[in-house]
file coords_28.cif (mmCIF, C-alpha atoms and all ligand atoms)
data_work
loop_
_atom_site.label_atom_id
_atom_site.label_comp_id
_atom_site.auth_asym_id
_atom_site.auth_seq_id
_atom_site.Cartn_x
_atom_site.Cartn_y
_atom_site.Cartn_z
CA MET A 1 0.00 0.00 0.00
CA LYS A 2 1.31 3.39 -0.92
CA PRO A 3 0.72 6.66 0.93
CA GLY A 4 -2.25 8.43 -0.55
CA ILE A 5 -4.43 5.36 -0.97
CA ARG A 6 -7.86 5.98 0.48
CA PHE A 7 -9.95 3.13 1.83
CA HIS A 8 -13.59 3.13 0.97
CA PRO A 9 -15.60 3.05 4.19
CA GLU A 10 -17.88 0.27 2.89
CA ALA A 11 -14.83 -1.86 2.15
CA LEU A 12 -13.54 -1.36 5.67
CA GLY A 13 -16.78 -2.55 7.19
CA MET A 14 -17.92 0.94 8.08
CA GLY A 15 -20.91 1.06 5.78
CA ARG A 16 -23.36 0.07 8.51
CA TRP A 17 -21.65 2.04 11.24
CA ARG A 18 -23.62 4.57 13.21
CA GLY A 19 -22.40 6.72 16.07
CA GLY A 20 -23.91 6.49 19.52
CA PRO A 21 -25.32 9.25 21.64
CA GLN A 22 -23.36 11.45 24.02
CA PHE A 23 -21.11 9.79 26.59
CA GLY A 24 -22.78 9.05 29.90
CA GLY A 25 -20.02 7.67 32.12
CA MET A 26 -19.95 3.88 31.60
CA MET A 27 -17.06 2.15 33.36
CA ALA A 28 -15.40 -0.96 31.95
CA SER A 29 -16.15 -3.98 34.08
CA VAL A 30 -13.22 -6.13 35.16
CA VAL A 31 -15.31 -8.76 36.88
CA LEU A 32 -13.84 -12.10 35.83
CA VAL A 33 -16.66 -14.50 36.51
CA LEU A 34 -20.21 -13.63 35.68
CA ALA A 35 -22.88 -15.17 37.84
CA ALA A 36 -25.24 -14.91 34.97
CA CYS A 37 -28.40 -16.63 36.00
CA GLN A 38 -31.65 -15.27 34.67
CA GLY A 39 -31.63 -11.52 35.15
CA GLY A 40 -28.44 -11.49 37.25
CA GLY A 41 -25.91 -8.65 36.97
CA THR A 42 -22.11 -9.00 36.79
CA ASP A 43 -21.87 -7.49 40.25
CA GLY A 44 -24.37 -9.92 41.70
CA SER A 45 -27.11 -7.32 41.65
CA PRO A 46 -30.39 -8.03 39.94
CA GLY A 47 -30.16 -7.44 36.21
CA ASP A 48 -32.33 -5.10 34.21
CA GLY A 49 -34.73 -7.87 33.33
CA GLY A 50 -34.53 -6.84 29.70
CA SER A 51 -33.27 -10.14 28.34
CA ALA A 52 -35.77 -12.86 27.63
CA PRO A 53 -34.36 -16.39 27.28
CA ALA A 54 -33.23 -17.01 23.73
CA THR A 55 -35.17 -19.36 21.59
CA SER A 56 -34.09 -19.97 18.01
CA ALA A 57 -32.22 -17.30 16.02
CA GLY A 58 -34.64 -14.48 16.40
CA ASP A 59 -37.80 -16.34 15.41
CA GLY A 60 -39.30 -16.90 18.84
CA GLY A 61 -39.32 -20.71 18.49
CA ALA A 62 -38.22 -23.32 21.07
CA ALA A 63 -34.57 -23.32 22.22
CA ALA A 64 -32.69 -26.25 20.70
CA TRP A 65 -29.80 -26.26 23.16
CA THR A 66 -29.50 -25.30 26.80
CA PRO A 67 -26.01 -25.40 28.33
CA GLU A 68 -25.44 -27.73 31.26
CA GLU A 69 -22.16 -26.16 32.36
CA PRO A 70 -20.69 -22.64 32.18
CA ILE A 71 -19.77 -21.28 28.77
CA THR A 72 -16.36 -19.61 28.57
CA ILE A 73 -15.95 -16.63 26.26
CA VAL A 74 -12.23 -16.27 25.56
CA VAL A 75 -11.06 -12.68 25.10
CA PRO A 76 -7.74 -12.42 23.24
CA PHE A 77 -6.55 -9.25 24.99
CA SER A 78 -6.14 -7.91 28.54
CA ALA A 79 -8.95 -7.40 31.02
CA GLY A 80 -10.20 -3.82 31.07
CA GLY A 81 -9.46 -3.20 27.38
CA PRO A 82 -11.93 -2.59 24.55
CA THR A 83 -12.53 -6.23 23.54
CA ASP A 84 -12.97 -7.19 27.16
CA THR A 85 -15.40 -4.32 27.73
CA VAL A 86 -17.66 -5.33 24.84
CA THR A 87 -17.54 -8.99 25.91
CA ARG A 88 -18.50 -8.30 29.51
CA LEU A 89 -21.31 -6.01 28.40
CA ILE A 90 -23.02 -8.73 26.37
CA ALA A 91 -22.09 -11.71 28.59
CA ASP A 92 -24.84 -11.21 31.17
CA PRO A 93 -27.74 -10.82 28.73
CA MET A 94 -26.36 -13.63 26.55
CA ALA A 95 -26.17 -15.93 29.59
CA ALA A 96 -29.71 -15.06 30.59
CA ALA A 97 -30.91 -15.63 27.05
CA VAL A 98 -29.26 -19.01 26.61
CA GLY A 99 -30.28 -20.09 30.11
CA GLY A 100 -26.84 -20.74 31.59
CA GLU A 101 -23.70 -19.13 32.96
CA ILE A 102 -20.95 -17.33 31.06
CA VAL A 103 -17.39 -16.97 32.29
CA VAL A 104 -15.05 -14.48 30.61
CA GLN A 105 -11.41 -15.53 30.32
CA ASN A 106 -8.59 -13.30 29.06
CA VAL A 107 -5.95 -15.21 27.09
CA GLU A 108 -3.42 -12.64 25.94
CA GLY A 109 -0.56 -12.91 23.49
CA ALA A 110 0.64 -12.55 19.90
CA GLY A 111 -1.94 -9.97 18.88
CA GLY A 112 -4.90 -12.21 19.74
CA THR A 113 -3.64 -15.31 17.93
CA VAL A 114 -2.88 -17.31 21.10
CA ALA A 115 -6.52 -17.13 22.19
CA ALA A 116 -7.84 -17.86 18.71
CA GLY A 117 -5.57 -20.90 18.43
CA GLN A 118 -6.75 -22.13 21.82
CA VAL A 119 -10.41 -21.86 20.84
CA ALA A 120 -9.78 -23.49 17.43
CA ASP A 121 -8.38 -26.50 19.32
CA ALA A 122 -11.18 -26.64 21.92
CA GLU A 123 -13.96 -29.20 21.97
CA PRO A 124 -16.65 -28.14 19.48
CA ASP A 125 -19.43 -28.35 22.05
CA GLY A 126 -20.48 -24.72 22.53
CA TYR A 127 -18.76 -24.31 25.89
CA THR A 128 -15.74 -22.44 24.47
CA VAL A 129 -16.48 -19.27 22.52
CA LEU A 130 -14.04 -16.74 21.08
CA MET A 131 -14.67 -13.01 21.01
CA HIS A 132 -12.34 -11.56 18.43
CA HIS A 133 -12.17 -8.50 16.24
CA ILE A 134 -10.73 -7.21 12.98
CA GLY A 135 -7.52 -9.05 13.90
CA MET A 136 -9.29 -12.28 12.93
CA SER A 137 -9.05 -11.07 9.34
CA THR A 138 -5.52 -9.64 9.39
CA ALA A 139 -3.77 -12.51 11.22
CA PRO A 140 -3.65 -14.89 8.22
CA THR A 141 -1.53 -12.33 6.34
CA LEU A 142 0.47 -11.06 9.31
CA TYR A 143 1.35 -14.52 10.65
CA PRO A 144 2.84 -16.81 7.98
CA ASP A 145 2.74 -19.78 10.39
CA LEU A 146 -0.69 -19.11 11.87
CA PRO A 147 -1.78 -22.45 13.39
CA TYR A 148 -5.46 -22.00 12.45
CA ASP A 149 -7.57 -20.86 9.53
CA PRO A 150 -10.20 -18.27 10.55
CA LEU A 151 -12.67 -19.58 7.99
CA GLU A 152 -12.00 -23.32 8.15
CA ASP A 153 -11.40 -23.83 11.86
CA PHE A 154 -14.35 -21.86 13.27
CA GLU A 155 -18.10 -21.54 12.99
CA THR A 156 -19.21 -17.93 13.25
CA ILE A 157 -21.92 -16.93 15.72
CA GLY A 158 -22.31 -13.39 14.44
CA LEU A 159 -21.08 -9.82 14.36
CA VAL A 160 -21.43 -7.86 17.61
CA THR A 161 -20.45 -4.22 17.12
CA GLU A 162 -18.24 -1.91 15.06
CA VAL A 163 -16.15 0.53 17.07
CA PRO A 164 -14.49 3.75 15.91
CA MET A 165 -10.89 4.44 16.87
CA THR A 166 -9.33 7.62 18.22
CA ILE A 167 -5.76 8.85 17.99
CA ILE A 168 -4.72 10.05 21.45
CA GLY A 169 -1.59 11.32 23.20
CA SER A 170 -0.31 11.23 26.76
CA PRO A 171 -1.17 14.21 28.97
CA GLU A 172 2.37 15.60 28.68
CA PHE A 173 2.88 14.85 25.00
CA GLU A 174 3.68 18.15 23.28
CA PRO A 175 1.56 18.11 20.10
CA ASN A 176 -2.00 19.43 20.33
CA THR A 177 -3.32 18.68 16.85
CA LEU A 178 -2.87 15.86 14.35
CA GLU A 179 -0.80 18.13 12.12
CA GLU A 180 1.45 19.02 15.04
CA LEU A 181 1.63 15.34 15.95
CA THR A 182 2.95 14.18 12.59
CA ALA A 183 5.46 17.05 12.45
CA TYR A 184 6.60 16.34 16.00
CA VAL A 185 6.99 12.59 15.38
CA GLU A 186 9.05 13.32 12.28
CA GLU A 187 11.35 15.68 14.18
CA ASN A 188 11.66 13.30 17.14
CA ILE A 189 11.47 9.96 15.37
CA ASP A 190 14.14 8.35 17.60
CA THR A 191 12.39 9.10 20.86
CA VAL A 192 8.64 9.15 20.25
CA THR A 193 6.85 5.94 21.20
CA TYR A 194 3.62 4.46 19.79
CA ALA A 195 1.77 1.97 22.01
CA ASN A 196 -0.19 -0.94 20.57
CA ALA A 197 -1.46 -4.39 21.49
CA GLY A 198 0.92 -6.37 19.28
CA VAL A 199 0.98 -7.53 15.68
CA GLY A 200 -2.61 -8.32 14.73
CA ALA A 201 -4.18 -5.84 17.13
CA ALA A 202 -6.44 -3.07 15.87
CA SER A 203 -4.07 -0.53 17.41
CA GLN A 204 -1.21 -1.99 15.38
CA LEU A 205 -3.32 -1.88 12.20
CA CYS A 206 -4.20 1.76 12.82
CA GLY A 207 -0.51 2.53 13.38
CA LEU A 208 0.24 0.84 10.08
CA LEU A 209 -2.26 3.13 8.34
CA ILE A 210 -0.65 6.15 10.01
CA GLU A 211 2.81 4.99 8.87
CA THR A 212 1.59 4.43 5.33
CA ALA A 213 -0.18 7.77 5.16
CA THR A 214 2.72 9.77 6.61
CA GLY A 215 5.81 7.77 5.62
CA LEU A 216 6.86 7.71 9.28
CA ASP A 217 8.44 4.59 10.81
CA LEU A 218 6.98 4.47 14.30
CA THR A 219 8.76 3.04 17.32
CA GLU A 220 6.14 0.60 18.59
CA VAL A 221 5.74 -0.50 22.20
CA PRO A 222 3.61 -3.68 22.27
CA TYR A 223 1.34 -4.61 25.18
CA ASP A 224 -1.02 -7.54 25.81
CA GLY A 225 -3.94 -5.22 25.21
CA THR A 226 -4.70 -1.54 24.98
CA GLY A 227 -6.05 -1.59 28.56
CA PRO A 228 -2.52 -1.63 30.02
CA ALA A 229 -1.22 0.46 27.12
CA LEU A 230 -3.67 3.22 27.99
CA ASP A 231 -2.66 3.02 31.66
CA ASP A 232 0.94 3.70 30.62
CA LEU A 233 -0.13 6.49 28.28
CA LEU A 234 -2.06 8.14 31.12
CA GLY A 235 1.15 7.91 33.14
CA ASN A 236 3.21 9.50 30.33
CA GLN A 237 5.26 6.32 29.86
CA VAL A 238 4.36 6.10 26.17
CA ASP A 239 3.58 9.03 23.88
CA PHE A 240 0.63 8.20 21.66
CA MET A 241 -1.62 5.45 20.42
CA CYS A 242 -4.68 4.65 18.39
CA ASP A 243 -7.42 2.95 20.36
CA GLN A 244 -11.10 2.15 20.26
CA THR A 245 -13.64 4.57 21.68
CA THR A 246 -14.81 1.82 24.04
CA ASN A 247 -11.51 2.39 25.86
CA THR A 248 -10.83 6.07 25.26
CA THR A 249 -14.12 8.00 25.39
CA GLU A 250 -14.22 8.37 29.15
CA HIS A 251 -10.63 9.67 29.27
CA ILE A 252 -11.14 12.01 26.33
CA LEU A 253 -14.24 13.59 27.88
CA ALA A 254 -12.43 13.94 31.21
CA GLU A 255 -9.56 15.64 29.32
CA GLU A 256 -7.11 13.14 30.80
CA VAL A 257 -5.48 12.52 27.42
CA LYS A 258 -4.79 14.60 24.33
CA VAL A 259 -7.06 13.68 21.45
CA TYR A 260 -6.15 14.27 17.83
CA ALA A 261 -8.84 12.65 15.70
CA VAL A 262 -11.49 9.99 15.30
CA THR A 263 -10.92 7.49 12.49
CA THR A 264 -14.46 7.52 11.03
CA PRO A 265 -15.66 9.45 7.96
CA GLU A 266 -17.85 11.64 10.17
CA ARG A 267 -17.62 12.90 13.76
CA ILE A 268 -19.31 10.67 16.31
CA GLU A 269 -22.07 11.70 18.70
CA ALA A 270 -20.22 10.55 21.81
CA LEU A 271 -17.26 12.82 20.95
CA PRO A 272 -18.76 15.70 18.96
CA ASP A 273 -15.77 18.02 19.45
CA VAL A 274 -13.19 15.55 18.13
CA PRO A 275 -12.36 16.12 14.45
CA THR A 276 -12.09 13.28 11.95
CA THR A 277 -8.76 12.24 10.45
CA GLU A 278 -10.12 13.57 7.16
CA GLU A 279 -10.73 17.03 8.66
CA GLU A 280 -7.18 16.98 10.03
CA GLY A 281 -5.58 16.06 6.71
CA LEU A 282 -5.06 12.32 7.28
CA GLY A 283 -8.19 11.01 5.57
CA ASP A 284 -6.40 7.81 4.60
CA VAL A 285 -6.37 6.74 8.23
CA GLN A 286 -9.91 5.44 8.48
CA VAL A 287 -10.81 2.24 10.29
CA THR A 288 -13.50 0.86 12.55
CA VAL A 289 -13.00 -2.26 14.61
CA TRP A 290 -15.64 -4.92 14.20
CA HIS A 291 -16.06 -7.62 16.84
CA GLY A 292 -17.49 -11.10 16.29
CA LEU A 293 -18.13 -14.33 18.16
CA TYR A 294 -16.84 -17.75 17.05
CA VAL A 295 -16.88 -21.39 18.17
CA PRO A 296 -14.64 -24.25 16.99
CA ALA A 297 -15.49 -25.84 13.64
CA GLY A 298 -17.72 -28.85 14.08
CA THR A 299 -19.90 -27.29 16.76
CA PRO A 300 -23.43 -28.71 16.23
CA PRO A 301 -25.78 -26.40 14.29
CA GLU A 302 -28.34 -26.28 17.11
CA VAL A 303 -25.64 -25.00 19.47
CA VAL A 304 -24.56 -22.33 16.99
CA GLU A 305 -28.21 -21.40 16.55
CA ALA A 306 -28.78 -21.09 20.29
CA LEU A 307 -25.67 -18.92 20.73
CA THR A 308 -26.67 -16.70 17.80
CA ALA A 309 -30.13 -16.30 19.29
CA ALA A 310 -28.56 -15.36 22.62
CA LEU A 311 -26.28 -12.83 20.91
CA GLN A 312 -29.23 -11.29 19.08
CA THR A 313 -31.16 -11.01 22.34
CA ALA A 314 -28.16 -9.41 24.06
CA LEU A 315 -27.82 -6.86 21.26
CA GLN A 316 -31.39 -5.71 21.92
CA ASP A 317 -30.77 -5.33 25.65
CA GLN A 318 -31.31 -1.67 26.62
CA ASN A 319 -28.34 -1.63 28.99
CA VAL A 320 -26.09 -2.94 26.20
CA ILE A 321 -27.46 -0.35 23.75
CA ASP A 322 -27.08 2.53 26.22
CA SER A 323 -23.63 1.48 27.42
CA LEU A 324 -22.28 1.07 23.90
CA ALA A 325 -23.77 4.45 22.95
CA ASP A 326 -21.94 6.03 25.88
CA LEU A 327 -18.76 4.50 24.46
CA GLY A 328 -19.22 5.79 20.94
CA THR A 329 -20.72 2.76 19.27
CA ALA A 330 -23.84 0.60 18.93
CA PRO A 331 -24.87 -3.03 18.52
CA VAL A 332 -24.97 -4.10 14.89
CA GLU A 333 -28.28 -4.61 13.15
CA GLN A 334 -29.79 -8.07 13.73
CA ASP A 335 -29.23 -9.17 10.14
CA LEU A 336 -25.48 -8.77 10.63
CA ALA A 337 -25.45 -10.76 13.89
CA THR A 338 -25.80 -14.05 12.03
CA PRO A 339 -23.32 -16.78 11.03
CA GLU A 340 -23.97 -16.28 7.32
CA ALA A 341 -23.54 -12.50 7.28
CA HIS A 342 -20.46 -12.53 9.47
CA THR A 343 -18.78 -15.38 7.57
CA ASP A 344 -19.20 -13.35 4.37
CA GLN A 345 -17.82 -10.27 6.10
CA LEU A 346 -14.84 -12.18 7.52
CA GLN A 347 -14.01 -13.57 4.10
CA SER A 348 -14.15 -10.17 2.43
CA GLN A 349 -12.13 -8.56 5.24
CA ILE A 350 -9.37 -11.18 4.87
CA GLU A 351 -9.27 -10.41 1.15
CA LEU A 352 -9.36 -6.66 1.77
CA TRP A 353 -6.48 -6.53 4.23
CA ARG A 354 -4.16 -9.07 2.57
CA PRO A 355 -2.80 -6.78 -0.19
CA ILE A 356 -2.66 -3.78 2.13
CA ILE A 357 -0.54 -5.65 4.68
CA GLU A 358 1.58 -7.34 2.03
CA ASP A 359 2.31 -4.01 0.31
CA ALA A 360 3.30 -2.52 3.65
CA GLY A 361 5.71 -5.43 4.14
CA VAL A 362 4.58 -6.21 7.71
CA THR A 363 4.83 -9.72 9.14
CA ALA A 364 4.97 -11.11 12.65
CA SER A 365 7.99 -13.24 11.57
C1 LIG A 401 -7.88 -4.80 23.34
O1 LIG A 401 -8.92 -5.32 23.69
O2 LIG A 401 -6.92 -4.65 24.11
C2 LIG A 401 -7.78 -4.23 21.95
O3 LIG A 401 -8.84 -4.65 21.16
C3 LIG A 401 -6.44 -4.40 21.40
C4 LIG A 401 -6.32 -3.89 20.00
O4 LIG A 401 -6.73 -4.61 19.10
O5 LIG A 401 -5.78 -2.81 19.76
#

call {"tool": "encode", "arguments": {"input": "coords_28.cif", "output": "structure tokens"}}
result
Amino acid sequence: MKPGIRFHPEALGMGRWRGGPQFGGMMASVVLVLAACQGGGTDGSPGDGGSAPATSAGDGGAAAWTPEEPITIVVPFSAGGPTDTVTRLIADPMAAAVGGEIVVQNVEGAGGTVAAGQVADAEPDGYTVLMHHIGMSTAPTLYPDLPYDPLEDFETIGLVTEVPMTIIGSPEFEPNTLEELTAYVEENIDTVTYANAGVGAASQLCGLLIETATGLDLTEVPYDGTGPALDDLLGNQVDFMCDQTTNTTEHILAEEVKVYAVTTPERIEALPDVPTTEEEGLGDVQVTVWHGLYVPAGTPPEVVEALTAALQTALQDQNVIDSLADLGTAPVEQDLATPEAHTDQLQSQIELWRPIIEDAGVTAS
């Protein structure tokens, strides 16, 4: 990919994106085990009662599968980060809908590929589920020896949400605008640090787009997730990063970080004062981070159907809708939260990113 190439929003999965309403103060949950009986909250408090038990995929029929033991959703990045936040938001209503318990487990490493490999090798019985994101589509190109095939080794449950990214700087980082940022990085290329969550992370992909658009060769500092990366940025230990609004909105609104741009074609409702990359002269840096759910290949169809139905119920939960809106995003439309639609999307995303990554010459070696 050469500087100056512009990605069409539809091609990047942004065609169905819509911004959420103004931020309202949602905090990321770091509760590890969800006692998710009917209507139960992650903190043990009664839930909002908004989630009816799932039946079949959205048609109101009889449930074909009810779990007899806890389901584990494996999150491929650190607790407290954006993927973790989305997972824990939907876990309670999904558990209530499917009529069981859901445990969230963080399995960090290698830009999300350790967790994906673990789930690919798990028993295909519905009790091990992967929450992954856009990295599911970039890993096959980034990792020449990837031990799984995203399309062959998984059944998709469905798409969950699509999250804008923001480019932010540490409180003491000198630049105040995106233009100042690129000039400053160029002048201080040996000392400026860019935090990300490893090769295959959305934050790494966004950094790649910044490098391609500016010609800069960033000094990357990899973490197991952007949760800890953001902690270090808040402490001025790294200079800047690109991260999802599910992790950054609260800190941007509290003016705890410097914010340079949002990576969507238009401003988002949760951050109305933050300009787009296009407005700031870096319109080639546009990306939203989709998240999807997967189970190992060979999982029985009735189990996939029950999990999809539970996902669809969770995406209609008012607390999920409101919390995601506070964080600059929204649940996807129901017709995208299906195995068929998300498998098609995954396939086209793999094809979209392959030449871009290959042209940039990035591999995880
Ligand atoms: C996370 O959950 O830490 C992020 O999704 C990491 C990333 O992809 O940048």

call {"tool": "residues_near_ligand", "arguments": {"input": "coords_28.cif", "ligand": "ligand LIG 401 (chain A)", "cutoff": "10 Å", "atoms": "only C-alpha atoms and all ligand atoms", "output": "ChimeraX atom specification"}}
result
/A:75-87,106,108,111-112,131-135,163,165,195-207,222-230,241-244,246-247,289-291

call {"tool": "atom_distance", "arguments": {"input": "coords_28.cif", "atom1": "atom CA of Glu123 of chain A", "atom2": "atom CA of Leu159 of chain A"}}
result
22.0 Å

call {"tool": "closest_residue", "arguments": {"input": "coords_28.cif", "among": "A:Thr166, A:Thr128, A:Gln334, A:Thr66", "to": "Val98 of chain A", "atoms": "all atoms listed in the file"}}
result
A:Thr66

call {"tool": "closest_residue", "arguments": {"input": "coords_28.cif", "among": "A:Gly109, A:Gly298, A:Gly158, A:Gly99", "to": "Pro331 of chain A", "atoms": "only C-alpha atoms"}}
result
A:Gly158

call {"tool": "residues_around", "arguments": {"input": "coords_28.cif", "residues": "Val262 of chain A", "least_positions_apart": "3", "cutoff": "7 Å", "atoms": "all atoms listed in the file", "output": "JSON, numbers by chain"}}
result
{"A": [164, 165, 166, 167, 267, 274, 275, 276, 277]}

call {"tool": "closest_residue", "arguments": {"input": "coords_28.cif", "among": "A:Gly126, A:Val303, A:Thr113, A:Val103", "to": "Asp145 of chain A", "atoms": "all atoms listed in the file"}}
result
A:Thr113

call {"tool": "closest_residue", "arguments": {"input": "coords_28.cif", "among": "A:Gly281, A:Pro70, A:Gly235, A:Gly292", "to": "Glu162 of chain A", "atoms": "all atoms listed in the file"}}
result
A:Gly292

call {"tool": "closest_residue", "arguments": {"input": "coords_28.cif", "among": "A:Pro265, A:Thr338, A:Thr141, A:Phe154", "to": "Ala306 of chain A", "atoms": "only C-alpha atoms"}}
result
A:Thr338

call {"tool": "atom_distance", "arguments": {"input": "coords_28.cif", "atom1": "atom CA of Glu211 of chain A", "atom2": "atom CA of Asp273 of chain A"}}
result
25.0 Å

call {"tool": "closest_residue", "arguments": {"input": "coords_28.cif", "among": "A:Asp239, A:Glu340, A:Glu280, A:Glu152", "to": "Leu178 of chain A", "atoms": "only C-alpha atoms"}}
result
A:Glu280

call {"tool": "atom_distance", "arguments": {"input": "coords_28.cif", "atom1": "atom CA of Ala364 of chain A", "atom2": "atom CA of Ala341 of chain A"}}
result
29.0 Å

call {"tool": "residues_around", "arguments": {"input": "coords_28.cif", "residues": "Glu174 of chain A", "least_positions_apart": "6", "cutoff": "12 Å", "atoms": "all atoms listed in the file", "output": "VMD selection string"}}
result
chain A and resid 168 180 to 185 188 192 236 239 to 240 257 to 260
